[in-house]
>>> print(open('input.cif').read())   # mmCIF, C-alpha atoms
data_coords
#
loop_
_atom_site.label_atom_id
_atom_site.label_comp_id
_atom_site.auth_asym_id
_atom_site.auth_seq_id
_atom_site.Cartn_x
_atom_site.Cartn_y
_atom_site.Cartn_z
CA MET F 1 129.56 41.80 -141.22
CA THR F 2 130.68 41.63 -137.56
CA PRO F 3 133.36 39.13 -136.40
CA ALA F 4 130.58 37.30 -134.51
CA ASP F 5 128.55 36.92 -137.72
CA GLU F 6 131.62 35.73 -139.59
CA LEU F 7 132.30 33.18 -136.88
CA ARG F 8 128.72 31.94 -137.07
CA GLN F 9 128.80 31.76 -140.85
CA LEU F 10 132.04 29.82 -140.73
CA TRP F 11 130.64 27.43 -138.13
CA GLN F 12 127.44 26.77 -140.02
CA SER F 13 129.25 26.24 -143.30
CA ASP F 14 129.93 22.65 -142.20
CA ILE F 15 126.84 20.93 -143.55
CA SER F 16 127.91 17.32 -143.16
CA ALA F 17 125.13 14.78 -142.99
CA ALA F 18 126.64 11.33 -142.98
CA ILE F 19 123.87 9.13 -141.58
CA ASN F 20 120.95 7.54 -143.36
CA GLU F 21 117.95 8.37 -141.14
CA ARG F 22 116.02 5.17 -141.84
CA GLU F 23 119.00 2.91 -141.11
CA LEU F 24 119.60 4.92 -137.95
CA LEU F 25 115.98 4.46 -136.87
CA SER F 26 116.05 0.67 -137.29
CA GLU F 27 119.37 0.52 -135.38
CA LEU F 28 117.89 2.61 -132.55
CA GLN F 29 114.77 0.47 -132.39
CA ARG F 30 116.99 -2.60 -132.06
CA ARG F 31 119.05 -0.97 -129.29
CA SER F 32 115.92 0.19 -127.46
CA ARG F 33 114.49 -3.33 -127.53
CA ASN F 34 117.78 -4.75 -126.20
CA LEU F 35 117.85 -2.17 -123.40
CA ASP F 36 114.26 -2.99 -122.39
CA ARG F 37 115.06 -6.71 -122.43
CA MET F 38 118.16 -6.13 -120.30
CA ASN F 39 116.18 -4.12 -117.73
CA ARG F 40 113.44 -6.74 -117.54
CA ARG F 41 116.03 -9.50 -117.03
CA ARG F 42 117.77 -7.52 -114.26
CA ASP F 43 114.46 -6.94 -112.45
CA LEU F 44 113.57 -10.60 -112.80
CA ARG F 45 116.97 -11.65 -111.42
CA ASN F 46 116.51 -9.43 -108.34
CA ILE F 47 113.04 -10.79 -107.66
CA VAL F 48 114.14 -14.41 -108.08
CA ALA F 49 117.13 -13.84 -105.75
CA MET F 50 114.82 -12.33 -103.14
CA LEU F 51 112.34 -15.22 -103.43
CA VAL F 52 115.10 -17.84 -103.13
CA VAL F 53 116.45 -16.25 -99.93
CA ILE F 54 112.95 -15.94 -98.47
CA VAL F 55 112.01 -19.54 -99.31
CA VAL F 56 115.29 -21.10 -98.13
CA TYR F 57 115.50 -19.27 -94.80
CA SER F 58 111.78 -19.63 -94.17
CA TRP F 59 112.26 -23.36 -94.63
CA PHE F 60 115.20 -23.24 -92.17
CA ALA F 61 113.03 -21.28 -89.72
CA VAL F 62 110.24 -23.84 -89.87
CA HIS F 63 112.70 -26.69 -89.26
CA ALA F 64 114.83 -24.85 -86.68
CA GLY F 65 115.88 -26.75 -83.56
CA ASN F 66 114.90 -24.01 -81.11
CA ALA F 67 113.16 -20.65 -80.90
CA LEU F 68 116.36 -18.59 -80.99
CA GLU F 69 117.55 -20.28 -84.18
CA ARG F 70 114.11 -19.66 -85.68
CA VAL F 71 114.35 -15.99 -84.78
CA ALA F 72 117.83 -15.82 -86.38
CA ASP F 73 116.49 -17.40 -89.61
CA MET F 74 113.54 -15.05 -89.71
CA TRP F 75 115.86 -12.15 -89.03
CA LEU F 76 117.98 -13.08 -92.08
CA VAL F 77 114.83 -13.36 -94.22
CA ALA F 78 113.85 -9.86 -93.11
CA CYS F 79 117.41 -8.61 -93.79
CA ALA F 80 117.41 -10.06 -97.33
CA VAL F 81 114.08 -8.41 -98.16
CA TRP F 82 115.27 -5.14 -96.65
CA PHE F 83 118.61 -5.13 -98.55
CA ILE F 84 116.99 -5.82 -101.89
CA PHE F 85 114.31 -3.19 -101.29
CA TYR F 86 116.93 -0.63 -100.21
CA VAL F 87 119.33 -1.27 -103.06
CA ARG F 88 116.53 -1.18 -105.66
CA ARG F 89 115.22 2.07 -104.19
CA TYR F 90 118.67 3.63 -104.38
CA ALA F 91 119.27 2.21 -107.85
CA ARG F 92 116.18 4.14 -108.97
CA ILE F 93 117.50 7.33 -107.37
CA SER F 94 120.95 7.02 -108.90
CA ARG F 95 119.66 6.17 -112.38
CA LYS F 96 120.91 8.41 -115.21
CA PRO F 97 118.93 11.66 -115.23
CA VAL F 98 116.52 12.37 -118.08
CA PRO F 99 118.28 14.47 -120.72
CA GLU F 100 115.40 16.85 -121.46
CA GLN F 101 116.16 19.08 -118.48
CA THR F 102 118.23 22.24 -118.71
CA LEU F 103 121.98 21.82 -118.99
CA GLY F 104 122.51 23.28 -115.51
CA ALA F 105 119.92 20.98 -113.92
CA TYR F 106 121.40 17.99 -115.73
CA ARG F 107 124.91 18.77 -114.48
CA GLN F 108 123.53 19.03 -110.94
CA ALA F 109 121.73 15.71 -111.38
CA LEU F 110 124.88 14.00 -112.68
CA VAL F 111 126.86 15.15 -109.67
CA GLY F 112 123.87 14.41 -107.43
CA ARG F 113 124.07 10.75 -108.43
CA TYR F 114 127.49 10.56 -106.80
CA ASP F 115 126.12 12.29 -103.69
CA GLY F 116 123.46 9.59 -103.53
CA GLN F 117 126.06 6.84 -103.87
CA ILE F 118 128.24 8.43 -101.19
CA ARG F 119 125.24 8.65 -98.83
CA LEU F 120 124.44 5.00 -99.60
CA ALA F 121 128.03 3.95 -98.88
CA ARG F 122 128.19 5.99 -95.65
CA GLY F 123 124.97 4.38 -94.47
CA VAL F 124 126.17 0.83 -95.13
CA LYS F 125 127.02 0.35 -91.45
CA TYR F 126 123.36 0.95 -90.54
CA TRP F 127 121.48 -0.72 -93.36
CA PHE F 128 123.76 -3.67 -94.09
CA ILE F 129 126.61 -4.35 -91.65
CA LEU F 130 124.71 -3.92 -88.37
CA PRO F 131 121.67 -6.05 -89.32
CA MET F 132 123.96 -8.78 -90.71
CA TRP F 133 126.13 -8.71 -87.60
CA LEU F 134 123.03 -9.01 -85.39
CA GLY F 135 121.72 -11.93 -87.45
CA LEU F 136 125.03 -13.79 -87.26
CA LEU F 137 125.27 -13.01 -83.53
CA LEU F 138 121.83 -14.55 -83.04
CA PHE F 139 123.03 -17.72 -84.80
CA ASP F 140 126.11 -17.76 -82.55
CA ILE F 141 123.99 -17.37 -79.42
CA ALA F 142 121.57 -20.04 -80.64
CA ASP F 143 124.50 -22.42 -81.15
CA ARG F 144 125.79 -21.70 -77.64
CA VAL F 145 122.33 -22.31 -76.15
CA ASN F 146 122.16 -25.59 -78.10
CA GLY F 147 125.24 -26.83 -76.29
CA GLY F 148 128.18 -25.18 -78.07
CA ASN F 149 131.15 -24.32 -75.90
CA ASN F 150 132.35 -20.91 -74.79
CA ILE F 151 135.54 -20.95 -76.87
CA LYS F 152 133.63 -21.62 -80.09
CA PHE F 153 131.14 -18.92 -79.17
CA ALA F 154 133.94 -16.40 -78.53
CA LEU F 155 135.85 -17.34 -81.70
CA VAL F 156 132.76 -16.98 -83.91
CA LEU F 157 131.94 -13.68 -82.24
CA ILE F 158 135.48 -12.40 -82.88
CA VAL F 159 135.42 -13.55 -86.52
CA ILE F 160 132.03 -12.00 -87.36
CA THR F 161 132.89 -8.79 -85.52
CA ALA F 162 136.30 -8.49 -87.20
CA GLY F 163 134.72 -9.19 -90.60
CA SER F 164 132.06 -6.55 -89.99
CA VAL F 165 134.62 -3.97 -88.85
CA PHE F 166 136.76 -4.70 -91.92
CA ALA F 167 133.75 -4.29 -94.24
CA TRP F 168 132.86 -1.04 -92.44
CA TRP F 169 136.42 0.29 -92.85
CA LEU F 170 136.60 -0.79 -96.50
CA ASP F 171 133.36 0.95 -97.26
CA GLU F 172 133.81 4.20 -95.34
CA GLY F 173 137.52 4.51 -96.05
CA PRO F 174 138.66 3.57 -99.57
CA GLY F 175 135.09 3.18 -100.90
CA VAL F 176 133.84 6.63 -99.94
CA ARG F 177 137.17 8.26 -100.86
CA TYR F 178 136.97 6.71 -104.33
CA LEU F 179 133.45 8.03 -104.85
CA GLU F 180 134.40 11.47 -103.55
CA ARG F 181 137.32 11.61 -105.96
CA LYS F 182 135.06 10.64 -108.86
CA ARG F 183 132.57 13.30 -107.80
CA ARG F 184 135.31 15.95 -107.65
CA ASP F 185 136.58 14.93 -111.11
CA LEU F 186 133.08 15.18 -112.51
CA ALA F 187 132.46 18.57 -110.90
CA VAL F 188 135.64 19.85 -112.52
CA LEU F 189 134.75 18.28 -115.84
CA VAL F 190 131.25 19.70 -116.10
CA GLY F 191 132.11 23.06 -114.56
CA GLU F 192 132.34 23.89 -110.92
CA GLU F 193 129.44 26.35 -110.71
CA GLY F 194 126.32 25.17 -109.01
CA VAL F 195 127.67 21.73 -108.22
CA ALA F 196 129.72 22.50 -105.14
CA LYS F 197 128.95 20.25 -102.24
CA MET V 1 104.37 4.52 -140.68
CA PRO V 2 103.55 5.44 -137.06
CA SER V 3 103.63 9.21 -136.55
CA GLU V 4 106.37 8.97 -133.90
CA GLN V 5 108.76 7.39 -136.39
CA ALA V 6 107.92 9.99 -139.02
CA ARG V 7 108.45 12.74 -136.46
CA PHE V 8 111.81 11.28 -135.43
CA LEU V 9 112.96 10.97 -139.03
CA GLY V 10 111.88 14.56 -139.65
CA ILE V 11 113.84 15.84 -136.65
CA ILE V 12 116.98 13.96 -137.58
CA GLU V 13 116.72 15.03 -141.20
CA GLN V 14 116.23 18.67 -140.26
CA TYR V 15 118.88 18.86 -137.55
CA GLN V 16 121.48 16.37 -138.73
CA PRO V 17 124.08 18.95 -139.82
CA ALA V 18 123.64 20.91 -136.57
CA LEU V 19 123.92 17.72 -134.52
CA TRP V 20 127.11 16.73 -136.35
CA ARG V 21 128.59 20.14 -135.61
CA LEU V 22 127.63 19.70 -131.97
CA VAL V 23 129.18 16.22 -131.89
CA ASN V 24 132.36 17.58 -133.51
CA SER V 25 132.68 20.12 -130.72
CA TYR V 26 132.83 17.27 -128.17
CA GLU V 27 134.69 14.54 -130.01
CA THR V 28 137.86 14.63 -132.05
CA ASP V 29 137.92 10.94 -132.98
CA PRO V 30 135.76 10.14 -136.04
CA GLY V 31 134.71 6.72 -134.68
CA ARG V 32 133.65 8.20 -131.38
CA ARG V 33 131.79 10.96 -133.19
CA GLU V 34 129.57 8.42 -134.85
CA ASP V 35 128.99 6.64 -131.52
CA LEU V 36 128.08 9.93 -129.87
CA PHE V 37 125.74 10.83 -132.72
CA GLN V 38 123.97 7.51 -132.25
CA GLU V 39 123.77 8.04 -128.48
CA ILE V 40 122.16 11.40 -129.04
CA ALA V 41 119.77 9.97 -131.62
CA LEU V 42 118.85 7.19 -129.17
CA GLY V 43 118.22 9.80 -126.46
CA VAL V 44 115.96 11.75 -128.82
CA TRP V 45 114.11 8.59 -129.82
CA GLN V 46 113.52 7.59 -126.20
CA ALA V 47 112.53 11.11 -125.13
CA LEU V 48 110.17 11.72 -128.04
CA PRO V 49 107.10 10.14 -126.41
CA ARG V 50 107.62 12.49 -123.42
CA PHE V 51 107.82 15.63 -125.55
CA ARG V 52 104.69 17.69 -124.86
CA GLY V 53 105.69 20.86 -126.67
CA ASP V 54 106.36 22.84 -123.47
CA SER V 55 109.41 24.26 -125.22
CA SER V 56 110.29 24.55 -128.89
CA GLU V 57 111.45 21.40 -130.63
CA ARG V 58 114.81 23.05 -131.28
CA THR V 59 115.59 23.93 -127.62
CA TRP V 60 114.31 20.50 -126.52
CA LEU V 61 116.64 18.82 -128.99
CA TYR V 62 119.68 20.87 -127.96
CA ARG V 63 119.08 20.08 -124.31
CA ILE V 64 119.06 16.37 -125.04
CA ALA V 65 122.05 16.53 -127.37
CA HIS V 66 124.28 18.54 -125.02
CA ASN V 67 123.27 16.57 -121.94
CA ILE V 68 124.00 13.24 -123.60
CA ALA V 69 127.29 14.61 -124.92
CA ILE V 70 128.35 15.72 -121.44
CA SER V 71 127.44 12.27 -120.09
CA ALA V 72 129.56 10.68 -122.82
CA LEU V 73 132.39 13.01 -121.88
CA GLU V 74 132.08 11.83 -118.28
CA SER V 75 132.13 8.17 -119.32
CA ARG V 76 135.39 8.49 -121.18
CA ARG V 77 137.09 11.13 -119.01
CA ARG V 78 139.53 8.64 -117.54
CA ARG V 79 140.72 7.56 -120.97
CA ASP V 80 140.50 11.00 -122.39
CA ILE V 81 142.91 11.61 -125.26
CA ARG V 82 142.99 15.08 -126.55
CA GLU V 83 143.79 14.79 -130.21
CA LEU V 84 143.88 17.40 -132.88
CA PRO V 85 140.73 17.33 -134.99
CA MET V 86 140.85 14.88 -137.84
CA PRO V 87 140.39 16.37 -141.28
CA ASP V 88 137.56 13.95 -142.08
CA SER V 89 135.00 16.71 -142.42
CA MET V 90 136.99 17.96 -145.39
CA GLU V 91 135.89 14.85 -147.21
CA ARG V 92 132.30 15.42 -146.25
CA MET V 93 132.37 19.10 -147.05
CA GLY V 94 130.74 20.21 -150.27
CA GLY V 95 129.63 23.25 -152.16
CA TRP V 96 132.95 25.00 -152.72
CA ASN V 97 133.63 26.02 -156.31
CA ASP V 98 137.06 27.46 -155.63
CA PRO V 99 139.30 24.73 -154.14
CA ASP V 100 141.76 27.23 -152.64
CA ARG V 101 139.02 29.19 -151.00
CA GLY V 102 137.48 25.94 -149.76
CA LEU V 103 140.77 24.92 -148.20
CA VAL V 104 141.26 28.24 -146.46
CA VAL V 105 137.73 28.17 -145.07
CA GLU V 106 138.20 24.58 -143.94
CA GLU V 107 141.42 25.48 -142.15
CA GLN V 108 139.69 28.36 -140.42
CA ARG V 109 136.80 26.12 -139.50
CA GLN V 110 139.13 23.51 -138.04
CA ALA V 111 140.89 26.24 -136.05
CA VAL V 112 137.55 27.42 -134.65
CA LEU V 113 136.53 23.84 -133.88
CA ALA V 114 139.84 23.12 -132.13
CA ALA V 115 139.49 26.31 -130.10
CA ILE V 116 135.93 25.37 -129.12
CA GLN V 117 137.07 21.88 -128.09
CA GLU V 118 139.57 23.50 -125.73
CA LEU V 119 136.87 25.47 -123.89
CA ALA V 120 135.37 24.34 -120.59
CA PRO V 121 132.21 22.26 -121.20
CA VAL V 122 129.77 24.96 -120.06
CA ASP V 123 131.44 27.58 -122.27
CA ARG V 124 131.54 25.11 -125.15
CA GLN V 125 127.83 24.45 -124.82
CA LEU V 126 127.02 28.16 -124.77
CA ILE V 127 129.13 29.06 -127.78
CA VAL V 128 127.82 26.12 -129.83
CA LEU V 129 124.24 27.15 -129.09
CA HIS V 130 125.11 30.72 -130.01
CA LEU V 131 126.85 29.72 -133.24
CA GLU V 132 123.86 27.59 -134.18
CA GLY V 133 121.85 30.79 -134.16
CA LEU V 134 119.82 30.39 -130.98
CA SER V 135 118.65 33.65 -129.41
CA TYR V 136 119.67 34.52 -125.83
CA GLN V 137 116.17 33.57 -124.71
CA GLU V 138 116.47 30.17 -126.38
CA ILE V 139 119.93 29.65 -124.87
CA GLU V 140 118.38 30.47 -121.48
CA GLU V 141 115.73 27.81 -122.10
CA VAL V 142 118.38 25.25 -122.94
CA SER V 143 121.05 26.07 -120.39
CA GLY V 144 119.05 27.36 -117.44
CA LEU V 145 121.38 30.38 -117.13
CA SER V 146 119.96 33.91 -117.10
CA GLU V 147 120.14 36.01 -120.25
CA SER V 148 122.51 38.51 -118.60
CA ALA V 149 124.84 35.71 -117.51
CA ILE V 150 124.73 34.26 -121.01
CA ALA V 151 125.54 37.63 -122.58
CA SER V 152 128.53 38.28 -120.38
CA ARG V 153 129.86 34.74 -120.72
CA LEU V 154 129.45 34.73 -124.48
CA SER V 155 131.31 37.98 -124.77
CA ARG V 156 134.18 36.49 -122.76
CA ILE V 157 134.10 33.24 -124.76
CA ARG V 158 134.15 35.08 -128.08
CA ASP V 159 137.18 37.07 -126.92
CA ARG V 160 138.88 33.90 -125.79
CA LEU V 161 138.05 32.14 -129.03
CA THR V 162 139.46 34.97 -131.08
CA GLU V 163 142.58 34.96 -128.93
CA VAL V 164 143.04 31.19 -129.25
CA ILE V 165 142.61 31.33 -133.02
CA ARG V 166 145.08 34.21 -133.24
CA LYS V 167 147.62 32.28 -131.13
CA ARG V 168 147.19 29.23 -133.37
CA GLU V 169 147.78 31.35 -136.43
CA VAL V 170 150.92 32.82 -134.84
CA ARG V 171 152.20 29.31 -134.01
CA LYS V 172 151.73 28.32 -137.67
#
>>> encode(input="input.cif", output="structure tokens")
Amino acid sequence: MTPADELRQLWQSDISAAINERELLSELQRRSRNLDRMNRRRDLRNIVAMLVVIVVYSWFAVHAGNALERVADMWLVACAVWFIFYVRRYARISRKPVPEQTLGAYRQALVGRYDGQIRLARGVKYWFILPMWLGLLLFDIADRVNGGNNIKFALVLIVITAGSVFAWWLDEGPGVRYLERKRRDLAVLVGEEGVAK
Amino acid sequence: MPSEQARFLGIIEQYQPALWRLVNSYETDPGRREDLFQEIALGVWQALPRFRGDSSERTWLYRIAHNIAISALESRRRRDIRELPMPDSMERMGGWNDPDRGLVVEEQRQAVLAAIQELAPVDRQLIVLHLEGLSYQEIEEVSGLSESAIASRLSRIRDRLTEVIRKREVRK
């Protein structure tokens, strides 16, 4: 008998079987049902949130004092729909990969999820911060047109711009660095080959 | 009983010892082992309706089991505690008429298991598949690596395993 055969024989001599299959099945069915329920609730929450934003800001748009304010309200409605669509689309992409694929492909997919999240975070300035800043700027302009003074206009502009820049920095600085570190850790954990960036 | 449930029960019954060995190669903590076993079983249960027989049931199962195990490893990597294997499998072990011989074999088995747990995940997956008796072609189907790559890596892993076991014996 070769050392390899001995090793295999030794390995396979552990014949533990500690789980009752039927009890396991009923436990798994319960967990599957809970998971499905959780997913349905999450989807429902997203849709309700989107509808609330659309209804509220549409109502504001209808009752707006002037055309510019109406445009700003409609802009925010469009932003809300866009954000929810974008985040849900990315959530689908970064969902856990199916485990039936080969081990190499699965490792790639695991690391790829982080790549997707990093891309999402790097794009925040385009798909979230800029549209929000434009919407708030429109409100500021509308207020100025409605008779607000220059100092208030300037102060609001400074506050929304500073807030947007801070969010941008937070996201592209510490946020992206955190994700990159997690991706590196994972690449080391699962084996470097084939998962290099 | 719906055929899917019967099929699932059949798979678990047939492969339970092999799945426990696989779980043991990833987890040292007995409580976590059971959690991981359940995770794998859940993965198999959820994947079963998608199984079209494109590969053998065995390679399909090993793909799922190893992939879920690596995901579990990722989830707990920040609180990773590398412990020596618990001797719980000694309690579960059966079939040894000679207690001394049983103890020696168990010690050897624990040494092999500990050495496997120290390997890098990819190497661990390959050696476990090999020790479970999968052919190079089947390991290729599971891992996605070429047969030649598998052969050379397995040779290196076996050498390393032997070396680690020898070092452990020297330390004792």
>>> atom_distance(input="input.cif", atom1="atom CA of V:Val122", atom2="atom CA of F:Gly112")
17.5 Å
>>> closest_residue(input="input.cif", among="V:Arg76, V:Arg124, V:Arg63, V:Arg160", to="chain F", atoms="all atoms listed in the file")
V:Arg63
>>> atom_distance(input="input.cif", atom1="atom CA of V:Gly43", atom2="atom CA of V:Ala69")
10.4 Å
>>> atom_distance(input="input.cif", atom1="atom CA of F:Tyr178", atom2="atom CA of F:Leu103")
25.8 Å
>>> residues_near_point(input="input.cif", point="(117.8, -21.2, -90.0)", cutoff="12 Å", atoms="all atoms listed in the file", output="JSON, numbers by chain")
{"F": [53, 54, 55, 56, 57, 58, 59, 60, 61, 62, 63, 64, 65, 66, 67, 68, 69, 70, 71, 72, 73, 74, 75, 76, 77, 135, 136, 138, 139, 140, 142, 143]}
>>> write_last_selection(input="input.cif", atoms="C-alpha atoms", output="PDB file, in the coordinates of the input")
ATOM      1  CA  VAL F  53     116.450 -16.250 -99.930  1.00  0.00           C
ATOM      2  CA  ILE F  54     112.950 -15.940 -98.470  1.00  0.00           C
ATOM      3  CA  VAL F  55     112.010 -19.540 -99.310  1.00  0.00           C
ATOM      4  CA  VAL F  56     115.290 -21.100 -98.130  1.00  0.00           C
ATOM      5  CA  TYR F  57     115.500 -19.270 -94.800  1.00  0.00           C
ATOM      6  CA  SER F  58     111.780 -19.630 -94.170  1.00  0.00           C
ATOM      7  CA  TRP F  59     112.260 -23.360 -94.630  1.00  0.00           C
ATOM      8  CA  PHE F  60     115.200 -23.240 -92.170  1.00  0.00           C
ATOM      9  CA  ALA F  61     113.030 -21.280 -89.720  1.00  0.00           C
ATOM     10  CA  VAL F  62     110.240 -23.840 -89.870  1.00  0.00           C
ATOM     11  CA  HIS F  63     112.700 -26.690 -89.260  1.00  0.00           C
ATOM     12  CA  ALA F  64     114.830 -24.850 -86.680  1.00  0.00           C
ATOM     13  CA  GLY F  65     115.880 -26.750 -83.560  1.00  0.00           C
ATOM     14  CA  ASN F  66     114.900 -24.010 -81.110  1.00  0.00           C
ATOM     15  CA  ALA F  67     113.160 -20.650 -80.900  1.00  0.00           C
ATOM     16  CA  LEU F  68     116.360 -18.590 -80.990  1.00  0.00           C
ATOM     17  CA  GLU F  69     117.550 -20.280 -84.180  1.00  0.00           C
ATOM     18  CA  ARG F  70     114.110 -19.660 -85.680  1.00  0.00           C
ATOM     19  CA  VAL F  71     114.350 -15.990 -84.780  1.00  0.00           C
ATOM     20  CA  ALA F  72     117.830 -15.820 -86.380  1.00  0.00           C
ATOM     21  CA  ASP F  73     116.490 -17.400 -89.610  1.00  0.00           C
ATOM     22  CA  MET F  74     113.540 -15.050 -89.710  1.00  0.00           C
ATOM     23  CA  TRP F  75     115.860 -12.150 -89.030  1.00  0.00           C
ATOM     24  CA  LEU F  76     117.980 -13.080 -92.080  1.00  0.00           C
ATOM     25  CA  VAL F  77     114.830 -13.360 -94.220  1.00  0.00           C
ATOM     26  CA  GLY F 135     121.720 -11.930 -87.450  1.00  0.00           C
ATOM     27  CA  LEU F 136     125.030 -13.790 -87.260  1.00  0.00           C
ATOM     28  CA  LEU F 138     121.830 -14.550 -83.040  1.00  0.00           C
ATOM     29  CA  PHE F 139     123.030 -17.720 -84.800  1.00  0.00           C
ATOM     30  CA  ASP F 140     126.110 -17.760 -82.550  1.00  0.00           C
ATOM     31  CA  ALA F 142     121.570 -20.040 -80.640  1.00  0.00           C
ATOM     32  CA  ASP F 143     124.500 -22.420 -81.150  1.00  0.00           C
TER      33      ASP F 143
END
>>> interface_residues(input="input.cif", of="chain V", to="chain F", cutoff="8 Å", atoms="only C-alpha atoms", output="JSON, numbers by chain")
{"V": [5, 9, 12, 13, 16, 17, 18, 20, 21, 38, 41, 42, 43, 45, 46, 47, 60, 61, 63, 64, 65, 66, 67, 68, 70, 74, 89, 92, 93, 94, 105, 108, 109, 112, 120, 121, 122, 131, 132, 133, 141, 142, 143, 144, 145, 158]}
>>> resolve_selection(input="input.cif", expression="the PyMOL selection byres ((chain V and resi 116) around 12)", output="PyMOL selection string")
(chain F and resi 7+11) or (chain V and resi 21-28+84-85+109-115+117-129+131+157-165)
>>> closest_residue(input="input.cif", among="V:Gly53, V:Leu103, V:Ala72, V:Gln14", to="V:Asp35", atoms="all atoms listed in the file")
V:Ala72
>>> residues_around(input="input.cif", residues="stretch 170-176 of chain F", least_positions_apart="5", cutoff="8 Å", atoms="all atoms listed in the file", output="list in words")
Ile118, Ala121, Arg122 and Val124 of chain F
>>> resolve_selection(input="input.cif", expression="the PyMOL selection byres ((chain F and resi 129-132) around 10)", output="list in words")
Trp75, Leu76, Ala78, Cys79, Ala80, Trp82, Phe83, Gly123, Val124, Lys125, Tyr126, Trp127, Phe128, Trp133, Leu134, Gly135, Leu136, Leu137, Leu138, Ile160, Thr161, Gly163, Ser164, Val165, Ala167 and Trp168 of chain F
